[in-house]
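What follows is the content of structure10.cif, which has mmCIF, C-alpha atoms:
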data_structure
loop_
_atom_site.label_atom_id
_atom_site.label_comp_id
_atom_site.auth_asym_id
_atom_site.auth_seq_id
_atom_site.Cartn_x
_atom_site.Cartn_y
_atom_site.Cartn_z
CA MET V 233 0.00 0.00 0.00
CA ASN V 234 1.35 3.42 -0.92
CA CYS V 235 0.63 6.72 0.83
CA GLN V 236 -2.05 7.71 -1.65
CA GLU V 237 -3.98 4.50 -1.12
CA LEU V 238 -3.60 4.88 2.57
CA GLU V 239 -4.96 8.40 2.55
CA ALA V 240 -8.36 7.11 1.43
CA LEU V 241 -8.42 4.68 4.35
CA LEU V 242 -7.16 6.98 7.05
CA SER V 243 -10.47 8.63 7.78
CA PRO V 244 -12.48 5.38 8.08
CA TYR V 245 -9.56 3.95 10.10
CA LEU V 246 -9.94 6.77 12.60
CA ASP V 247 -13.72 6.31 12.68
CA GLY V 248 -13.52 2.55 13.26
CA GLU V 249 -15.19 1.83 9.94
CA LEU V 250 -12.62 -0.61 8.48
CA ASP V 251 -12.72 -4.38 8.65
CA ALA V 252 -9.96 -6.30 10.39
CA ALA V 253 -7.93 -6.99 7.23
CA GLN V 254 -7.99 -3.36 6.09
CA ARG V 255 -7.11 -2.26 9.58
CA ARG V 256 -4.08 -4.51 9.62
CA SER V 257 -2.74 -3.19 6.35
CA VAL V 258 -3.16 0.40 7.54
CA ASP V 259 -1.35 -0.46 10.77
CA GLU V 260 1.48 -1.97 8.78
CA HIS V 261 1.86 1.08 6.56
CA LEU V 262 1.74 3.46 9.49
CA LYS V 263 4.53 1.57 11.24
CA ASP V 264 6.95 2.50 8.46
CA CYS V 265 5.63 5.89 7.33
CA ALA V 266 6.14 8.93 9.50
CA GLY V 267 4.26 11.21 7.08
CA CYS V 268 1.06 9.21 7.22
CA ARG V 269 1.41 8.87 10.98
CA ARG V 270 1.53 12.62 11.24
CA GLN V 271 -1.56 12.94 9.08
CA LEU V 272 -3.45 10.56 11.32
CA GLU V 273 -2.27 12.51 14.33
CA ASP V 274 -3.58 15.72 12.78
CA TYR V 275 -6.96 14.13 12.18
CA GLN V 276 -7.05 13.12 15.81
CA ILE V 277 -6.11 16.63 16.88
CA LEU V 278 -8.90 17.98 14.68
CA SER V 279 -11.42 15.65 16.26
CA ALA V 280 -10.27 16.74 19.69
CA ALA V 281 -10.41 20.39 18.65
CA LEU V 282 -14.08 19.96 17.77
CA GLU V 283 -14.70 18.84 21.33
CA ALA V 284 -13.44 22.16 22.64
CA PRO V 285 -15.95 24.39 24.39
CA GLY V 286 -17.73 26.75 22.06
CA MET V 287 -17.61 24.43 19.08
CA ARG V 288 -20.96 22.86 19.73
CA LEU V 289 -23.64 25.52 19.63
CA ALA V 290 -26.74 25.17 21.76
CA ALA V 291 -30.22 26.51 21.13
CA SER V 292 -31.04 29.58 23.19
CA ASP V 293 -33.68 29.38 25.91
CA THR V 294 -35.72 31.91 23.96
CA LEU V 295 -35.80 29.64 20.94
CA LYS V 296 -36.72 26.63 23.06
CA GLN V 297 -39.57 28.53 24.69
CA ARG V 298 -40.78 29.87 21.36
CA ILE V 299 -40.86 26.37 19.90
CA LYS V 300 -42.77 25.05 22.91
CA ASN V 301 -45.36 27.79 22.56
CA GLN V 302 -45.76 27.14 18.86
CA LEU V 303 -46.20 23.44 19.45
CA ARG V 304 -48.97 24.13 21.95
CA GLU V 305 -50.70 26.35 19.43
CA ALA V 306 -50.35 23.76 16.68
CA ASP V 307 -51.64 21.10 19.01
CA ALA V 308 -54.63 23.18 20.06
CA ARG V 309 -55.45 23.86 16.41
CA SER V 310 -55.34 20.20 15.47
CA ASN V 311 -57.53 19.19 18.42
CA ARG V 312 -60.17 21.76 17.68
CA PRO V 313 -63.46 19.89 17.38
CA GLN V 314 -65.41 19.94 14.14
CA TRP V 315 -68.06 22.62 14.48
CA PRO V 316 -71.64 21.77 13.77
CA ARG V 317 -72.85 23.44 10.62
CA TRP V 318 -75.11 25.98 12.35
CA ALA V 319 -72.11 27.16 14.36
CA ALA V 320 -70.05 27.57 11.21
CA ALA V 321 -72.83 29.52 9.56
CA ALA V 322 -73.24 31.66 12.67
CA ALA V 323 -69.51 32.32 12.77
CA VAL V 324 -69.56 33.49 9.17
CA ALA V 325 -72.51 35.75 9.89
CA VAL V 326 -70.80 37.22 12.94
CA LEU V 327 -67.61 37.72 11.00
CA VAL V 328 -69.41 39.49 8.17
CA VAL V 329 -71.29 41.74 10.57
CA GLY V 330 -68.19 42.32 12.65
CA MET V 331 -66.10 43.30 9.69
CA GLY V 332 -68.64 45.80 8.42
CA TRP V 333 -69.47 46.06 4.79
CA THR V 334 -66.76 48.60 4.00
CA PHE V 335 -64.07 46.01 4.58
CA LEU V 336 -65.65 43.31 2.52
CA PRO V 337 -63.83 42.81 -0.74
CA HIS V 338 -65.93 43.58 -3.77
CA PRO V 339 -65.56 41.66 -6.97
CA GLY V 340 -63.02 43.45 -9.07
CA ALA V 341 -61.68 45.41 -6.14
CA PRO V 342 -57.97 44.97 -5.48
CA GLY V 343 -58.74 43.01 -2.29
CA ALA V 344 -60.57 40.27 -4.16
CA GLU V 345 -57.48 39.12 -5.97
CA ASP V 346 -55.36 39.11 -2.85
CA GLU V 347 -57.95 36.96 -1.22
CA ASP V 348 -57.71 34.44 -4.04
CA ASP V 349 -53.94 34.38 -3.56
CA VAL V 350 -54.37 33.67 0.11
CA MET V 351 -56.74 30.82 -0.67
CA VAL V 352 -54.38 29.40 -3.31
CA ASP V 353 -51.47 29.47 -0.84
CA ALA V 354 -53.55 27.90 1.88
CA ALA V 355 -54.91 25.20 -0.41
CA VAL V 356 -51.42 24.31 -1.66
CA ASP V 357 -50.16 24.20 1.93
CA GLN V 358 -52.98 21.90 2.94
CA GLN V 359 -52.33 19.65 -0.02
CA GLU V 360 -48.59 19.49 0.72
CA HIS V 361 -49.36 18.43 4.29
CA ALA V 362 -51.77 15.78 3.12
CA VAL V 363 -49.26 14.39 0.62
CA THR V 364 -46.35 14.39 3.07
CA ALA V 365 -48.44 12.77 5.76
CA ALA V 366 -49.71 10.30 3.15
CA HIS V 367 -53.25 11.12 4.20
CA LEU V 368 -55.12 12.01 1.06
CA THR V 369 -58.45 10.53 2.00
CA ASP V 370 -60.65 9.95 5.05
CA LEU V 371 -62.82 7.73 2.94
CA ALA V 372 -61.00 5.79 0.24
CA SER V 373 -63.50 4.90 -2.43
CA GLY V 374 -63.75 5.00 -6.19
CA ASP V 375 -67.54 5.19 -5.97
CA ALA V 376 -68.62 8.80 -6.56
CA ALA V 377 -72.08 8.29 -5.07
CA GLU V 378 -70.64 6.74 -1.92
CA VAL V 379 -68.17 9.59 -1.45
CA GLN V 380 -70.86 12.18 -1.95
CA ALA V 381 -73.16 10.42 0.55
CA TRP V 382 -70.30 10.40 3.04
CA PHE V 383 -69.94 14.20 2.81
CA LYS V 384 -73.64 14.76 3.39
CA GLY V 385 -74.26 16.58 6.65
CA LYS V 386 -70.57 17.09 7.37
CA LEU V 387 -70.47 20.51 5.74
CA ALA V 388 -72.90 23.35 5.23
CA TYR V 389 -73.23 22.18 1.63
CA THR V 390 -72.87 18.90 -0.16
CA PRO V 391 -70.07 19.01 -2.69
CA PRO V 392 -70.64 17.55 -6.12
CA VAL V 393 -68.54 14.44 -6.65
CA PRO V 394 -68.30 13.94 -10.40
CA ASP V 395 -67.22 10.68 -11.92
CA LEU V 396 -64.28 11.49 -14.21
CA LYS V 397 -63.42 7.98 -15.37
CA ALA V 398 -64.27 8.87 -18.94
CA GLN V 399 -61.60 11.59 -18.84
CA GLY V 400 -59.08 9.10 -17.42
CA TYR V 401 -59.27 10.20 -13.78
CA GLU V 402 -59.97 7.59 -11.16
CA LEU V 403 -61.63 8.79 -7.94
CA VAL V 404 -59.40 7.92 -4.97
CA GLY V 405 -61.67 9.21 -2.21
CA GLY V 406 -62.63 12.19 -0.11
CA ARG V 407 -61.51 13.87 3.08
CA LEU V 408 -62.67 16.67 5.28
CA ASP V 409 -60.09 19.41 5.40
CA GLU V 410 -59.72 23.09 6.03
CA VAL V 411 -58.52 25.83 3.73
CA HIS V 412 -57.52 29.10 5.32
CA GLY V 413 -59.60 28.33 8.37
CA GLN V 414 -62.73 27.35 6.54
CA PRO V 415 -64.02 23.80 6.26
CA ALA V 416 -63.55 22.16 2.89
CA ALA V 417 -64.30 18.92 1.14
CA ALA V 418 -61.23 17.52 -0.58
CA LEU V 419 -61.78 15.13 -3.49
CA THR V 420 -58.78 13.31 -4.84
CA TYR V 421 -58.47 11.80 -8.28
CA LYS V 422 -55.63 9.87 -9.81
CA HIS V 423 -54.32 9.88 -13.36
CA ASP V 424 -51.33 7.54 -13.85
CA ALA V 425 -48.91 8.65 -11.16
CA ASP V 426 -50.43 12.10 -10.78
CA TYR V 427 -52.90 13.12 -8.16
CA VAL V 428 -55.44 15.86 -8.56
CA THR V 429 -57.19 17.20 -5.50
CA VAL V 430 -60.19 19.50 -5.61
CA PHE V 431 -61.06 21.52 -2.52
CA VAL V 432 -64.67 22.53 -2.40
CA CYS V 433 -65.29 25.45 -0.07
CA SER V 434 -68.13 27.75 0.69
CA ALA V 435 -67.75 30.69 -1.73
CA GLN V 436 -66.70 34.02 -0.26
CA LYS V 437 -68.74 35.76 -2.94
CA PRO V 438 -71.47 33.52 -4.26
CA GLY V 439 -72.06 33.72 -7.97
CA ASP V 440 -70.37 32.26 -11.00
CA LYS V 441 -66.75 33.10 -11.65
CA ASP V 442 -64.78 31.61 -14.49
CA LEU V 443 -61.55 29.63 -14.28
CA ASP V 444 -58.43 31.33 -13.01
CA THR V 445 -54.99 29.80 -12.63
CA ASP V 446 -52.01 30.15 -10.36
CA THR V 447 -48.80 28.29 -9.56
CA ASP V 448 -47.24 27.83 -6.17
CA ASP V 449 -44.44 25.51 -5.01
CA ASP V 450 -44.59 23.27 -8.12
CA TYR V 451 -48.35 22.97 -7.77
CA HIS V 452 -50.71 24.32 -10.38
CA VAL V 453 -54.01 25.59 -9.15
CA VAL V 454 -57.15 26.17 -11.20
CA TYR V 455 -60.03 27.79 -9.34
CA TRP V 456 -63.53 28.96 -9.99
CA THR V 457 -66.77 29.73 -8.24
CA LYS V 458 -70.10 28.20 -9.02
CA GLY V 459 -73.15 29.23 -7.05
CA SER V 460 -72.38 29.08 -3.35
CA MET V 461 -69.26 26.96 -3.70
CA SER V 462 -65.71 27.75 -4.69
CA PHE V 463 -63.49 25.09 -6.25
CA TRP V 464 -59.72 24.90 -5.92
CA MET V 465 -58.15 22.24 -8.09
CA ILE V 466 -54.53 21.41 -7.28
CA SER V 467 -52.04 19.17 -8.99
CA LYS V 468 -48.50 18.83 -10.26
CA LEU V 469 -50.06 17.73 -13.52
CA ASP V 470 -49.20 19.97 -16.44
CA PRO V 471 -51.30 23.13 -16.37
CA ALA V 472 -52.97 22.63 -19.75
CA ALA V 473 -54.27 19.16 -18.85
CA LEU V 474 -55.41 20.47 -15.50
CA LYS V 475 -57.31 23.31 -17.08
CA THR V 476 -59.12 20.96 -19.46
CA LEU V 477 -60.11 18.77 -16.56
CA ALA V 478 -61.23 21.79 -14.55
CA ALA V 479 -63.39 23.00 -17.42
CA GLY V 480 -65.03 19.56 -17.56
CA LEU V 481 -65.59 19.55 -13.82
CA GLN V 482 -66.94 23.06 -13.90
CA GLN V 483 -69.62 21.95 -16.30
CA ALA V 484 -70.34 18.71 -14.51
CA SER V 485 -70.80 20.35 -11.12
CA MET Q 129 -51.74 14.42 14.56
CA GLY Q 130 -54.17 15.45 17.20
CA THR Q 131 -54.19 12.31 19.29
CA PRO Q 132 -54.52 13.29 22.93
CA GLY Q 133 -51.22 13.07 24.76
CA GLN Q 134 -49.24 13.25 21.56
CA LEU Q 135 -47.82 16.65 22.35
CA GLY Q 136 -46.50 15.39 25.67
CA GLN Q 137 -44.93 12.40 24.00
CA PHE Q 138 -43.41 14.55 21.31
CA GLU Q 139 -41.99 16.93 23.90
CA GLN Q 140 -40.41 14.04 25.75
CA THR Q 141 -38.87 12.19 22.83
CA VAL Q 142 -38.02 14.93 20.34
CA LEU Q 143 -37.45 18.17 22.23
CA PRO Q 144 -34.39 16.89 24.17
CA HIS Q 145 -32.59 17.02 20.81
CA LEU Q 146 -33.20 20.71 20.16
CA ASP Q 147 -29.56 21.51 20.90
CA ALA Q 148 -28.35 18.97 18.35
CA ALA Q 149 -30.91 20.32 15.87
CA TYR Q 150 -29.77 23.87 16.42
CA ASN Q 151 -26.09 22.92 16.23
CA LEU Q 152 -26.58 21.27 12.85
CA ALA Q 153 -28.70 24.14 11.52
CA ARG Q 154 -26.25 26.69 12.86
CA TRP Q 155 -23.29 25.10 11.12
CA LEU Q 156 -25.24 24.69 7.90
CA THR Q 157 -26.75 28.17 7.73
CA ARG Q 158 -23.74 29.76 9.40
CA ASN Q 159 -25.79 32.35 11.23
CA ASP Q 160 -27.98 32.40 14.28
CA GLN Q 161 -31.15 33.93 12.89
CA ASP Q 162 -31.42 31.57 9.93
CA ALA Q 163 -30.57 28.61 12.14
CA GLU Q 164 -33.40 29.52 14.52
CA ASP Q 165 -35.84 29.82 11.62
CA VAL Q 166 -34.79 26.47 10.21
CA VAL Q 167 -35.03 24.70 13.58
CA GLN Q 168 -38.40 26.21 14.35
CA GLU Q 169 -39.81 25.19 10.99
CA ALA Q 170 -38.24 21.72 11.27
CA VAL Q 171 -39.69 21.03 14.71
CA LEU Q 172 -43.17 22.10 13.63
CA ARG Q 173 -42.84 19.86 10.61
CA ALA Q 174 -41.68 17.01 12.81
CA PHE Q 175 -44.69 17.49 15.05
CA ARG Q 176 -47.04 17.50 12.10
CA PHE Q 177 -45.59 14.22 10.88
CA TYR Q 178 -44.96 12.70 14.28
CA GLY Q 179 -47.53 10.08 13.38
CA THR Q 180 -45.15 8.77 10.73
CA PHE Q 181 -42.25 8.43 13.19
CA GLN Q 182 -41.63 4.70 13.38
CA GLY Q 183 -39.80 4.77 16.66
CA GLY Q 184 -36.03 4.36 16.66
CA GLU Q 185 -33.69 7.16 17.43
CA ALA Q 186 -35.58 10.44 17.66
CA ARG Q 187 -32.44 12.55 17.28
CA HIS Q 188 -31.62 10.86 13.97
CA TRP Q 189 -35.18 11.41 12.76
CA LEU Q 190 -35.19 15.05 13.84
CA LEU Q 191 -31.78 15.81 12.31
CA LYS Q 192 -32.93 14.36 9.03
CA ILE Q 193 -35.90 16.72 9.07
CA VAL Q 194 -33.66 19.64 10.05
CA ARG Q 195 -31.39 18.87 7.14
CA ASN Q 196 -34.28 18.62 4.68
CA THR Q 197 -35.79 21.82 6.01
CA PHE Q 198 -32.44 23.52 5.65
CA TYR Q 199 -32.12 22.50 2.01
CA THR Q 200 -35.63 23.69 1.23
CA TRP Q 201 -34.80 27.00 2.87
CA TYR Q 202 -31.45 27.13 1.12
CA ASP Q 203 -32.93 26.50 -2.33
CA LYS Q 204 -35.47 29.24 -1.74
CA ASN Q 205 -32.88 31.75 -0.63
CA ARG Q 206 -30.13 30.74 -2.97
CA ARG Q 207 -30.99 33.31 -5.60
CA HIS Q 208 -30.85 36.15 -3.11
CA ASN Q 209 -28.03 34.85 -1.04
CA GLN Q 210 -25.08 33.69 -3.02
CA THR Q 211 -22.58 33.67 -0.22
CA GLU Q 212 -22.32 29.91 -0.30
CA THR Q 213 -21.49 29.63 -3.96
CA LEU Q 214 -18.98 32.43 -3.99
CA GLY Q 215 -15.61 32.06 -2.36
CA ASP Q 216 -17.16 33.62 0.68
CA GLU Q 217 -15.67 34.68 3.93
CA ALA Q 218 -12.22 34.14 2.50
CA MET Q 219 -10.47 32.68 5.42
CA GLN Q 220 -7.71 34.54 7.09
CA VAL Q 221 -5.88 31.73 8.74
CA PRO Q 222 -2.74 32.98 10.41
CA GLY Q 223 -1.03 29.92 9.08
CA ASN Q 224 1.23 31.50 6.51
CA GLU Q 225 4.03 32.01 8.94
CA LEU Q 226 4.26 28.28 9.53
CA GLY Q 227 6.93 26.37 7.74
CA PRO Q 228 5.47 24.15 5.02
CA ASP Q 229 6.40 21.01 6.87
CA GLU Q 230 5.04 22.05 10.16
CA VAL Q 231 1.50 21.11 10.89
CA LEU Q 232 0.80 22.79 14.14
CA LEU Q 233 -2.88 22.21 14.42
CA LYS Q 234 -2.68 22.34 18.19
CA GLU Q 235 -1.78 25.98 18.00
CA HIS Q 236 -5.03 27.11 16.45
CA SER Q 237 -7.71 28.77 18.47
CA ALA Q 238 -11.28 27.47 18.40
CA GLN Q 239 -12.22 30.49 16.30
CA VAL Q 240 -9.77 29.58 13.57
CA VAL Q 241 -10.93 25.97 13.51
CA GLN Q 242 -14.53 27.18 13.31
CA ASP Q 243 -13.75 29.48 10.42
CA ALA Q 244 -12.03 26.64 8.61
CA ILE Q 245 -15.08 24.39 9.01
CA ARG Q 246 -17.44 27.15 7.95
CA THR Q 247 -15.68 27.50 4.63
CA LEU Q 248 -15.81 23.81 3.77
CA PRO Q 249 -18.20 22.99 0.92
CA MET Q 250 -21.62 22.19 2.32
CA GLU Q 251 -21.63 18.50 1.42
CA PHE Q 252 -18.32 18.03 3.21
CA ARG Q 253 -19.36 20.15 6.15
CA GLU Q 254 -22.51 18.21 6.89
CA VAL Q 255 -20.89 14.76 6.96
CA LEU Q 256 -18.11 16.09 9.17
CA LEU Q 257 -20.63 17.57 11.62
CA LEU Q 258 -22.70 14.41 11.77
CA ARG Q 259 -19.57 12.36 12.39
CA GLU Q 260 -17.71 14.61 14.80
CA PHE Q 261 -20.54 16.19 16.76
CA GLU Q 262 -23.14 13.48 16.68
CA GLY Q 263 -20.83 10.47 16.49
CA TYR Q 264 -22.93 8.79 13.82
CA SER Q 265 -21.64 5.76 11.93
CA TYR Q 266 -21.16 6.00 8.17
CA LYS Q 267 -24.32 3.98 7.73
CA GLU Q 268 -26.36 6.39 9.82
CA ILE Q 269 -24.88 9.40 8.05
CA ALA Q 270 -25.65 7.79 4.69
CA ASP Q 271 -29.27 7.50 5.77
CA ILE Q 272 -29.53 11.11 6.92
CA VAL Q 273 -27.74 12.60 3.93
CA GLU Q 274 -29.31 10.10 1.51
CA VAL Q 275 -26.13 9.08 -0.29
CA PRO Q 276 -24.30 5.70 -0.45
CA ILE Q 277 -21.90 4.81 2.37
CA GLY Q 278 -18.95 5.03 -0.02
CA THR Q 279 -19.84 8.64 -0.72
CA VAL Q 280 -19.94 9.40 3.00
CA MET Q 281 -16.50 7.86 3.34
CA SER Q 282 -14.94 9.86 0.52
CA ARG Q 283 -16.62 13.11 1.58
CA LEU Q 284 -15.34 12.70 5.11
CA SER Q 285 -11.84 11.97 3.87
CA ARG Q 286 -11.89 15.06 1.71
CA ALA Q 287 -13.40 17.17 4.47
CA ARG Q 288 -10.57 16.24 6.82
CA GLN Q 289 -7.92 16.70 4.15
CA GLN Q 290 -9.22 20.15 3.29
CA LEU Q 291 -9.47 21.12 6.91
CA ARG Q 292 -5.95 19.98 7.57
CA ASN Q 293 -4.68 21.86 4.54
CA ARG Q 294 -6.38 25.05 5.59
CA LEU Q 295 -5.18 24.84 9.12
CA SER Q 296 -1.67 23.98 8.18
CA GLY Q 297 -1.50 27.03 5.99
CA THR Q 298 -0.93 25.18 2.77
CA ALA Q 299 -3.75 25.97 0.46
CA THR Q 300 -3.11 23.07 -1.89
CA GLY Q 301 -1.63 19.66 -1.46
CA VAL Q 302 -0.87 17.98 1.80
CA VAL Q 303 2.69 18.01 2.94
CA VAL Q 304 3.54 14.59 4.20
#

Show this structure as structure tokens.
Amino acid sequence: MNCQELEALLSPYLDGELDAAQRRSVDEHLKDCAGCRRQLEDYQILSAALEAPGMRLAASDTLKQRIKNQLREADARSNRPQWPRWAAAAAVAVLVVGMGWTFLPHPGAPGAEDEDDVMVDAAVDQQEHAVTAAHLTDLASGDAAEVQAWFKGKLAYTPPVPDLKAQGYELVGGRLDEVHGQPAAALTYKHDADYVTVFVCSAQKPGDKDLDTDTDDDYHVVYWTKGSMSFWMISKLDPAALKTLAAGLQQAS
Amino acid sequence: MGTPGQLGQFEQTVLPHLDAAYNLARWLTRNDQDAEDVVQEAVLRAFRFYGTFQGGEARHWLLKIVRNTFYTWYDKNRRHNQTETLGDEAMQVPGNELGPDEVLLKEHSAQVVQDAIRTLPMEFREVLLLREFEGYSYKEIADIVEVPIGTVMSRLSRARQQLRNRLSGTATGVVV
């Protein structure tokens, strides 16, 4: 073994990651080579230097406390019971009255667009959580009628659950979720390896509003309002395909 | 998420490793404010996905999340913050007065060693930290960093070589 070959083994030698045979050959080389011995010694000195006080940096008490507080908040949020529908309706009414009409965004007013952005962000966030936690559905079923029946009574409205098999989208199931603090039905469809989730929320401004699109964190979002419900369709699917599907769903719903 | 008692359990198993989480984030981001942001975000993420924690070593699990959170943060900020890609913080190691054959690592202050580590390329820095501070085996590091064990081994070797070069005042080539 020459010095160059040894150099590659010195680090794992120090870390106890070599097998007995490799260890022996390193030992043998080191016996006769002062240069490599010095290199090993330097590595050991370096390791020791990292043990010195001040090298390892600890979290401040402020940070620890802040994290604890945030965890409590997150925990309280996740344990919040599902409100009965009359309570949700009452809360909306109170909110509307409390805000006063002057603060309500009007269609076309600058505030309306910002509000869409907020909903898009929140919907994408929700979807990312669901994907990461591998919890896309509360009820896994490919039967549109069954999924729709399951939603009945759980929200202030019953979301349409269209069957999109003909378009190549298999229904995966539904879940109850929340978008920007308001309850939502989430329907998930699958097309090859791609998932498409549609959040159905209670519309902020009832009426019909045509498709709009946005992109956030690799997700494409197509959204529209129909009657008293707003729809937020989210996927990593290419935007054109998503828009076609959305247009189909818009008509079907 | 949301199972009663889960917060208590999380606090008991995961929060004892906040110092390790911060240490890793601090060495990766190289400043306190960013490290705090990364740790905070990582712990909240960990809590959200605590249900997916299969048991095993909580510190390992948390550090993996810290590292992933860091890279997400880093990718987002990369465009605005190019310090990492430039030859940043050009190190002023008072090593030039050493003779080329002398490797007097013992003489260096903690500050100088810190500076030398801070200027290592990120992929070398992280394996060195996980090995030296956390004492993880190559196999465990490979799992956290998501590279083969052989890659961990060569990165660690190069990290130590570079560190030694910097601290011995020879910018290129090891004098042996």

List the residues matched by the PyMOL selection byres ((chain V and resi 460) around 10) in the displayed structure as a tab-separated table (two decimals) with C-alpha atoms, in the coordinates of the input, ordered by chain and then by residue number.
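Just written: result33.tsv:
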chain	number	residue	atom	x	y	z
V	389	TYR	CA	-73.23	22.18	1.63
V	433	CYS	CA	-65.29	25.45	-0.07
V	434	SER	CA	-68.13	27.75	0.69
V	435	ALA	CA	-67.75	30.69	-1.73
V	436	GLN	CA	-66.70	34.02	-0.26
V	437	LYS	CA	-68.74	35.76	-2.94
V	438	PRO	CA	-71.47	33.52	-4.26
V	439	GLY	CA	-72.06	33.72	-7.97
V	440	ASP	CA	-70.37	32.26	-11.00
V	457	THR	CA	-66.77	29.73	-8.24
V	458	LYS	CA	-70.10	28.20	-9.02
V	459	GLY	CA	-73.15	29.23	-7.05
V	461	MET	CA	-69.26	26.96	-3.70
V	462	SER	CA	-65.71	27.75	-4.69

- Which protein, DNA or RNA residues are at most 12 Å from (-48.4, 13.3, 20.0) in the file's coordinates when you count all atoms listed in the file, listed as a VMD selection string? (chain V and resid 303 to 304 306 to 308 310 to 311) or (chain Q and resid 129 to 142 174 to 181)

Just-selected residues, C-alpha atoms written as a short mmCIF file (atom, residue, chain, number, x, y, z; two decimals), in the frame of the given file:
data_model
loop_
_atom_site.label_atom_id
_atom_site.label_comp_id
_atom_site.auth_asym_id
_atom_site.auth_seq_id
_atom_site.Cartn_x
_atom_site.Cartn_y
_atom_site.Cartn_z
CA LEU V 303 -46.20 23.44 19.45
CA ARG V 304 -48.97 24.13 21.95
CA ALA V 306 -50.35 23.76 16.68
CA ASP V 307 -51.64 21.10 19.01
CA ALA V 308 -54.63 23.18 20.06
CA SER V 310 -55.34 20.20 15.47
CA ASN V 311 -57.53 19.19 18.42
CA MET Q 129 -51.74 14.42 14.56
CA GLY Q 130 -54.17 15.45 17.20
CA THR Q 131 -54.19 12.31 19.29
CA PRO Q 132 -54.52 13.29 22.93
CA GLY Q 133 -51.22 13.07 24.76
CA GLN Q 134 -49.24 13.25 21.56
CA LEU Q 135 -47.82 16.65 22.35
CA GLY Q 136 -46.50 15.39 25.67
CA GLN Q 137 -44.93 12.40 24.00
CA PHE Q 138 -43.41 14.55 21.31
CA GLU Q 139 -41.99 16.93 23.90
CA GLN Q 140 -40.41 14.04 25.75
CA THR Q 141 -38.87 12.19 22.83
CA VAL Q 142 -38.02 14.93 20.34
CA ALA Q 174 -41.68 17.01 12.81
CA PHE Q 175 -44.69 17.49 15.05
CA ARG Q 176 -47.04 17.50 12.10
CA PHE Q 177 -45.59 14.22 10.88
CA TYR Q 178 -44.96 12.70 14.28
CA GLY Q 179 -47.53 10.08 13.38
CA THR Q 180 -45.15 8.77 10.73
CA PHE Q 181 -42.25 8.43 13.19
#

- Item | Pairwise distance for CA of Pro391 in chain V and CA of Ala377 in chain V, rounded to one decimal in Å |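 CA of Ala377 in chain V lies 11.2 Å from CA of Pro391 in chain V.
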
- Message: So, with all atoms listed in the file as the atoms that count, which of Q:Met250, Q:Leu152, Q:Val255, Q:Ala186 lies closest to chain V?
- Response: Q:Leu152

- By how many Å are CA of Asp375 in chain V and CA of Ala418 in chain V apart?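 So the two atoms, CA of Asp375 in chain V and CA of Ala418 in chain V, lie 14.9 Å apart.
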
- Message: Evaluated on this file, the PyMOL selection byres ((chain V and resi 405-411) around 10) picks out some residues - which ones are they, written as a PyMOL selection string?
- Response: chain V and resi 314+350-359+362+367-376+378-380+382-383+386-387+393+402-404+412-422+429-433+464

- Query: So which residues get picked by the PyMOL selection byres ((chain V) within 6 of (chain Q)) here, written as a list in words?
  - Reply: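 Selected by the PyMOL selection byres ((chain V) within 6 of (chain Q)) in this file: Ser243, Gly267, Leu289, Ala290, Ala291, Ser310 and Asn311 of chain V.
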
Got a sec: who's within 8 Å of range 473-484 of chain V, counting all atoms listed in the file, leaving out chain neighbours fewer than 2 positions off, as a CSV table (one decimal) with C-alpha atoms, in the frame of the given file?
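And here's part_3.csv as it stands now:
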chain,number,residue,atom,x,y,z
V,394,PRO,CA,-68.3,13.9,-10.4
V,399,GLN,CA,-61.6,11.6,-18.8
V,443,LEU,CA,-61.6,29.6,-14.3
V,452,HIS,CA,-50.7,24.3,-10.4
V,454,VAL,CA,-57.2,26.2,-11.2
V,456,TRP,CA,-63.5,29.0,-10.0
V,458,LYS,CA,-70.1,28.2,-9.0
V,465,MET,CA,-58.2,22.2,-8.1
V,467,SER,CA,-52.0,19.2,-9.0
V,469,LEU,CA,-50.1,17.7,-13.5
V,470,ASP,CA,-49.2,20.0,-16.4
V,471,PRO,CA,-51.3,23.1,-16.4

- Query: Which neighbours of Cys268 in chain V fall inside 12 Å, counting all atoms listed in the file, when residues of the same chain fewer than 3 positions from it are skipped, and could you give them as number ranges by chain?
  - Reply: V: 233-243, 258-265, 271-275; Q: 302-304

- Message: Quick check, in Å to one decimal: how far apart do CA of Ile277 in chain Q and CA of Tyr202 in chain Q lie?
- Response: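 Pair CA of Ile277 in chain Q / CA of Tyr202 in chain Q returns 24.3 Å.
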
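Among the candidate residues V:Arg270, V:Arg288, V:Lys468, V:Arg256, the one lying nearest to Asp446 in chain V is V:Lys468, with distances computed using all atoms listed in the file.
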
- Point out the residue among V:Phe463, V:Asp426, V:Ala366, V:Leu246 with the least atom-to-atom distance to Arg269 in chain V, counting only C-alpha atoms. V:Leu246
